[in-house]
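Notes follow the structure.
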Amino acid sequence: MTDLLADIEELVRCESPSSDHEAVSRSADVVAAIGRRLLSAEPERILTDGCTHLRWRFGDRPKVLLLGHHDTVWPLGSLDTHPFSIVDGVLRGPGCFDMKTGVVMALHAAAELDDRDGVTILVTGDEEIGSPRSRALIEEEARGCEAVFVLEASGPGGALKTRRKGTSIYRIVVEGKAAHAGLEPEKGINAGVELARQILAVSALDDPAGGTTVVPTVLSAGTTTNTVPAQATVAVDVRAWSKAEQQRVDKAIRELRPVLPGAQVRIEGGINRPPLETETSADLFRLASELLPGLTETAVGGASDGNFTAGLGIATLDGLGAVGDGAHADHEHVIVDEIPRRTALLVALLKSVLARS
């Protein structure tokens, strides 16, 4: 337990915002050093477009993948305002819950195995920005595996995450025509007005009863207060429980057409992560419940890299990492007493899957 906490502290103290490749590289150094000590094995250091990922492979035939990420949403300097601490059984610090504790747990769990043949550990560096550089790597490592265990933080009360919404990310770009807003606005094509029409159309794609959300988020238009906007953009966040719903919304967004004469509408982005559906997690959750009675499960709107592996049809169980609360928030924390218990569960899951053949 002392070593576990010391390793978590070292990793949390190494800040690693996703957008800072040098910081992520330093964090990878820390993860590699912890793994090297525990596993007596050097990881492969994989760089994709400057982003650092780590991979340990044991044996020739992969059977189980331990999946995590070491990047966080917290900017450099967050330790000044959210210092690492352990007080009254609660561990705090930027990224401790999401998901540096889970990374350390994965390494310690693998170290407990007498035979690691068939185990792959993949720790990526860009999950918090949608895994644009690591998706292909994740899918490559998952193919052929019997199970994927995702060390993301648990749900409320320590619940395992057996269902996750799929995510789609779009950017709608409207091209209009600039003109003087006071002298001759009629000669312009107002991209802002066109964007407003498109936002209303996109918002109507929601299906609250089915759990599908289509949410316009960041938007911009225009250059000066006295100029008809020549361009306007909006980002759209889509979450859905099923692939069919993702495809329905995708088709509708791609069929958007301009309303104002002369305006042009361009759609960028698309489906990012498929949903993690119950069918891919049910058997592993039953196994986990047998090994640790009293476990609960939950469905969540947020996505993880487990969505990619589940999308391939590979059995995937998520939320096996830290128990606590406050991902991305000021109150982010981990319950210390749960760390060894959850690590022991992961060891038992690994042994069960590895013993199947």
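We label chains A, B, ... in the order they appear in the structure tokens, count residues from 1 in each chain, and number ligands from 1 in the order shown.
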
With 6 Å as the cut-off and only C-alpha atoms counted, what is the closest atom pair between each nearby residue of region 148-216 of chain A and region 223-229 of chain A? Distances in Å to one decimal, ordered by chain and number, as a tab-separated table.
```
residue	atom	partner	partner_atom	distance
A:Ala178	CA	A:Val228	CA	5.0
A:Ala179	CA	A:Val228	CA	5.2
A:His180	CA	A:Thr227	CA	4.9
A:Ala181	CA	A:Thr227	CA	4.8
A:Asn190	CA	A:Pro229	CA	5.4
A:Ala191	CA	A:Pro229	CA	5.4
```

Expected file contents, prior selection, all heavy atoms, as an mmCIF file, in the first residue's frame:
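Contents of the output file result25.cif:
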```cif
data_model
loop_
_atom_site.group_PDB
_atom_site.id
_atom_site.type_symbol
_atom_site.label_atom_id
_atom_site.label_comp_id
_atom_site.auth_asym_id
_atom_site.auth_seq_id
_atom_site.Cartn_x
_atom_site.Cartn_y
_atom_site.Cartn_z
ATOM 1 N N ALA A 178 -19.471 39.526 -46.398
ATOM 2 C CA ALA A 178 -19.363 40.734 -45.581
ATOM 3 C C ALA A 178 -19.950 41.949 -46.307
ATOM 4 O O ALA A 178 -19.929 42.030 -47.537
ATOM 5 C CB ALA A 178 -17.909 40.999 -45.227
ATOM 6 N N ALA A 179 -20.474 42.873 -45.511
ATOM 7 C CA ALA A 179 -20.952 44.165 -46.016
ATOM 8 C C ALA A 179 -21.025 45.116 -44.828
ATOM 9 O O ALA A 179 -21.012 44.688 -43.669
ATOM 10 C CB ALA A 179 -22.316 44.011 -46.681
ATOM 11 N N HIS A 180 -21.099 46.405 -45.107
ATOM 12 C CA HIS A 180 -21.224 47.389 -44.029
ATOM 13 C C HIS A 180 -22.616 47.256 -43.404
ATOM 14 O O HIS A 180 -23.633 47.301 -44.095
ATOM 15 C CB HIS A 180 -21.021 48.798 -44.572
ATOM 16 C CG HIS A 180 -20.791 49.815 -43.502
ATOM 17 N ND1 HIS A 180 -21.768 50.215 -42.611
ATOM 18 C CD2 HIS A 180 -19.660 50.506 -43.163
ATOM 19 C CE1 HIS A 180 -21.281 51.113 -41.788
ATOM 20 N NE2 HIS A 180 -19.983 51.313 -42.105
ATOM 21 N N ALA A 181 -22.644 47.074 -42.081
ATOM 22 C CA ALA A 181 -23.907 46.819 -41.399
ATOM 23 C C ALA A 181 -24.833 48.026 -41.389
ATOM 24 O O ALA A 181 -26.057 47.872 -41.233
ATOM 25 C CB ALA A 181 -23.639 46.368 -39.962
ATOM 26 N N ASN A 190 -25.612 37.290 -44.185
ATOM 27 C CA ASN A 190 -25.288 37.243 -42.762
ATOM 28 C C ASN A 190 -25.061 35.797 -42.296
ATOM 29 O O ASN A 190 -26.009 35.027 -42.088
ATOM 30 C CB ASN A 190 -26.401 37.889 -41.948
ATOM 31 C CG ASN A 190 -25.954 38.219 -40.540
ATOM 32 O OD1 ASN A 190 -25.349 37.395 -39.863
ATOM 33 N ND2 ASN A 190 -26.245 39.441 -40.104
ATOM 34 N N ALA A 191 -23.788 35.448 -42.137
ATOM 35 C CA ALA A 191 -23.436 34.090 -41.697
ATOM 36 C C ALA A 191 -23.943 33.813 -40.291
ATOM 37 O O ALA A 191 -24.258 32.664 -39.953
ATOM 38 C CB ALA A 191 -21.919 33.889 -41.759
#
```

Region 250-255 of chain A: which residues within 7 Å, counting only C-alpha atoms, same-chain residues fewer than 5 positions away excluded, as a PDB file with C-alpha atoms, in the first residue's frame?
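New file around.pdb:
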```
ATOM      1  CA  VAL A 202     -29.405  20.735 -35.041  1.00  0.00           C
ATOM      2  CA  ILE A 267     -19.795  20.106 -41.994  1.00  0.00           C
ATOM      3  CA  GLY A 270     -18.201  13.180 -37.360  1.00  0.00           C
TER       4      GLY A 270
END
```

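Using only C-alpha atoms for every distance, the candidate list A:Glu140, A:Asp20, A:Glu10, A:Glu245 yields A:Glu245 as the residue closest to Thr213 (chain A).
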
Counting only C-alpha atoms, the residue of A:Asp98, A:Asp71, A:Glu297, A:Asp80 that sits nearest Gly321 (chain A) = A:Asp98

Within 9 Å of Pro17 (chain A), counting only C-alpha atoms, which residues qualify if same-chain residues fewer than 5 places away don't, as a short mmCIF file (atom, residue, chain, number, x, y, z; two decimals) with all heavy atoms, in the first residue's frame?
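What follows is the written file part-v3.cif:
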```
data_model
loop_
_atom_site.label_atom_id
_atom_site.label_comp_id
_atom_site.auth_asym_id
_atom_site.auth_seq_id
_atom_site.Cartn_x
_atom_site.Cartn_y
_atom_site.Cartn_z
N ALA A 23 5.18 18.04 -21.58
CA ALA A 23 4.69 17.62 -20.26
C ALA A 23 4.24 16.16 -20.30
O ALA A 23 4.50 15.39 -19.37
CB ALA A 23 3.54 18.53 -19.81
N VAL A 24 3.54 15.78 -21.37
CA VAL A 24 3.10 14.39 -21.51
C VAL A 24 4.30 13.46 -21.61
O VAL A 24 4.29 12.35 -21.07
CB VAL A 24 2.16 14.25 -22.73
CG1 VAL A 24 1.87 12.79 -23.03
CG2 VAL A 24 0.86 15.00 -22.47
N ASP A 71 -2.51 11.40 -19.61
CA ASP A 71 -2.74 12.84 -19.80
C ASP A 71 -3.93 13.27 -18.95
O ASP A 71 -4.75 12.45 -18.53
CB ASP A 71 -2.99 13.16 -21.27
CG ASP A 71 -4.23 12.46 -21.83
OD1 ASP A 71 -4.34 11.24 -21.63
OD2 ASP A 71 -5.07 13.12 -22.47
N THR A 72 -4.02 14.56 -18.68
CA THR A 72 -5.11 15.11 -17.87
C THR A 72 -5.65 16.39 -18.50
O THR A 72 -5.06 16.93 -19.45
CB THR A 72 -4.67 15.44 -16.42
OG1 THR A 72 -3.93 16.67 -16.43
CG2 THR A 72 -3.82 14.33 -15.82
N VAL A 73 -6.75 16.88 -17.96
CA VAL A 73 -7.31 18.16 -18.42
C VAL A 73 -6.70 19.34 -17.69
O VAL A 73 -6.96 20.50 -18.04
CB VAL A 73 -8.84 18.19 -18.22
CG1 VAL A 73 -9.51 17.07 -18.99
CG2 VAL A 73 -9.21 18.11 -16.74
N TRP A 74 -5.89 19.08 -16.69
CA TRP A 74 -5.39 20.15 -15.82
C TRP A 74 -4.17 20.85 -16.43
O TRP A 74 -3.20 20.19 -16.79
CB TRP A 74 -5.02 19.58 -14.45
CG TRP A 74 -6.18 19.04 -13.70
CD1 TRP A 74 -6.69 17.77 -13.77
CD2 TRP A 74 -7.00 19.74 -12.77
NE1 TRP A 74 -7.78 17.65 -12.94
CE2 TRP A 74 -7.99 18.85 -12.31
CE3 TRP A 74 -7.00 21.05 -12.27
CZ2 TRP A 74 -8.97 19.21 -11.39
CZ3 TRP A 74 -7.97 21.41 -11.35
CH2 TRP A 74 -8.93 20.50 -10.91
N PRO A 75 -4.19 22.19 -16.51
CA PRO A 75 -3.05 22.91 -17.09
C PRO A 75 -1.85 22.92 -16.15
O PRO A 75 -1.98 22.68 -14.95
CB PRO A 75 -3.59 24.33 -17.30
CG PRO A 75 -4.66 24.46 -16.25
CD PRO A 75 -5.29 23.10 -16.14
N LEU A 76 -0.68 23.19 -16.72
CA LEU A 76 0.51 23.32 -15.89
C LEU A 76 0.29 24.40 -14.84
O LEU A 76 -0.30 25.45 -15.11
CB LEU A 76 1.73 23.68 -16.76
CG LEU A 76 2.22 22.62 -17.74
CD1 LEU A 76 3.43 23.14 -18.51
CD2 LEU A 76 2.56 21.32 -17.03
N ASP A 126 -3.34 10.97 -24.99
CA ASP A 126 -4.23 11.98 -25.59
C ASP A 126 -5.71 11.67 -25.42
O ASP A 126 -6.54 12.18 -26.16
CB ASP A 126 -3.90 12.14 -27.08
CG ASP A 126 -4.18 10.87 -27.89
OD1 ASP A 126 -4.33 9.79 -27.28
OD2 ASP A 126 -4.23 10.96 -29.13
N GLU A 128 -7.88 12.63 -23.21
CA GLU A 128 -8.74 13.74 -22.79
C GLU A 128 -9.12 14.65 -23.94
O GLU A 128 -10.02 15.49 -23.80
CB GLU A 128 -8.06 14.55 -21.69
CG GLU A 128 -7.87 13.79 -20.38
CD GLU A 128 -9.17 13.48 -19.65
OE1 GLU A 128 -10.25 13.78 -20.20
OE2 GLU A 128 -9.12 12.91 -18.55
#
```

message = Taking only C-alpha atoms into account, name the residue in A:Pro208, A:Gly77, A:Pro216, A:Gly118 that is nearest to Leu350 (chain A).
response = A:Gly118

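Across A:Leu195, A:Ile169, A:Ala310, A:Leu260, the tightest approach to Gln246 (chain A) is made by A:Ile169 when counting only C-alpha atoms.
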
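Note that the spacing between CA of Leu122 (chain A) and CA of Ile138 (chain A) amounts to 7.6 Å.
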
task = Considering only C-alpha atoms, return as a PyMOL selection string whatever protein or nucleic-acid residues lie within 10 Å of Ser25 (chain A), sequence-local ones (same chain, fewer than 6 positions apart) excluded.
result = chain A and resi 16+31+45+47+50-53+70-71+125

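Minimum atom-to-atom distances from A:Arg171, A:His108, A:Arg116, A:Arg55 to Leu137 (chain A) were compared using only C-alpha atoms, and the lowest value belongs to A:Arg55.
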
task = Based on DSSP run over this structure's backbone, return all residues of region 318-357 of chain A in alpha helix (DSSP H), as a ChimeraX atom specification.
result = /A:338-354

For the selection you just gave me, I'd like the residues written to a file as a PDB file, in the first residue's frame, keeping C-alpha atoms.
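The result, written out as part.pdb:
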```pdb
ATOM      1  CA  GLU A 338     -10.477   1.503  -1.901  1.00  0.00           C
ATOM      2  CA  ILE A 339      -7.193   1.497  -3.839  1.00  0.00           C
ATOM      3  CA  PRO A 340      -5.846  -1.881  -2.606  1.00  0.00           C
ATOM      4  CA  ARG A 341      -9.291  -3.478  -2.739  1.00  0.00           C
ATOM      5  CA  ARG A 342      -9.820  -2.470  -6.352  1.00  0.00           C
ATOM      6  CA  THR A 343      -6.279  -3.444  -7.285  1.00  0.00           C
ATOM      7  CA  ALA A 344      -6.916  -6.905  -5.819  1.00  0.00           C
ATOM      8  CA  LEU A 345     -10.092  -7.151  -7.919  1.00  0.00           C
ATOM      9  CA  LEU A 346      -8.089  -6.362 -11.035  1.00  0.00           C
ATOM     10  CA  VAL A 347      -5.534  -9.045 -10.161  1.00  0.00           C
ATOM     11  CA  ALA A 348      -8.321 -11.582  -9.724  1.00  0.00           C
ATOM     12  CA  LEU A 349      -9.911 -10.603 -13.050  1.00  0.00           C
ATOM     13  CA  LEU A 350      -6.592 -10.954 -14.827  1.00  0.00           C
ATOM     14  CA  LYS A 351      -5.955 -14.377 -13.362  1.00  0.00           C
ATOM     15  CA  SER A 352      -9.447 -15.559 -14.279  1.00  0.00           C
ATOM     16  CA  VAL A 353      -9.187 -14.474 -17.912  1.00  0.00           C
ATOM     17  CA  LEU A 354      -5.640 -15.746 -18.331  1.00  0.00           C
TER      18      LEU A 354
END
```

message = as a list in words, please: the residues near Val174 (chain A) (cut-off 6 Å, only C-alpha atoms, same-chain neighbours under 5 positions excluded).
response = Ala191, Gln231, Ala232, Gln264 and Val265 of chain A

Suppose we keep N, CA, C and O atoms; can you now write the selection as a CSV table (one decimal), in the first residue's frame?
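The new file again-v5.csv reads:
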```csv
chain,number,residue,atom,x,y,z
A,191,ALA,N,-23.8,35.4,-42.1
A,191,ALA,CA,-23.4,34.1,-41.7
A,191,ALA,C,-23.9,33.8,-40.3
A,191,ALA,O,-24.3,32.7,-40.0
A,231,GLN,N,-18.5,34.9,-41.9
A,231,GLN,CA,-18.3,33.5,-41.5
A,231,GLN,C,-18.8,33.3,-40.1
A,231,GLN,O,-18.7,34.2,-39.2
A,232,ALA,N,-19.3,32.1,-39.8
A,232,ALA,CA,-19.8,31.8,-38.5
A,232,ALA,C,-19.6,30.3,-38.3
A,232,ALA,O,-19.7,29.5,-39.2
A,264,GLN,N,-23.4,29.3,-47.6
A,264,GLN,CA,-22.9,28.0,-47.8
A,264,GLN,C,-22.6,27.4,-46.4
A,264,GLN,O,-22.2,28.1,-45.5
A,265,VAL,N,-22.9,26.1,-46.3
A,265,VAL,CA,-22.8,25.4,-45.0
A,265,VAL,C,-21.8,24.2,-45.3
A,265,VAL,O,-22.0,23.4,-46.2
```

task = Find the residues around Glu9 (chain A) up to 12 Å (only C-alpha atoms counted), leave out those fewer than 6 positions away in its own chain, and share them as a ChimeraX atom specification.
result = /A:2-3,15,30-31,34,79,83-86,91-97,100-101,103-104,334

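Backbone DSSP assigns strand (DSSP E) in region 41-90 of chain A to Glu44, Arg45, Ile46, Leu47, Thr48, Cys51, Thr52, His53, Leu54, Arg55, Trp56, Arg57, Val64, Leu65, Leu66, Leu67, Gly68, His69, Ser85, Ile86, Val87 and Val90 of chain A.
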
request  = Show which residues sit within 12 Å of Ala136 (chain A), as an MDAnalysis selection string. Count only C-alpha atoms, and ignore same-chain residues fewer than 6 positions away.
outcome  = chainID A and resid 48 124 142:143 305 308:309 312

key: Nearest to Ala110 (chain A) by atom-to-atom distance, counting only C-alpha atoms, from A:Gly155, A:Gly35, A:Pro62, A:Pro132   = A:Gly35

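For the pair CA of Leu317 (chain A) and CA of Pro274 (chain A), the separation is 14.9 Å.
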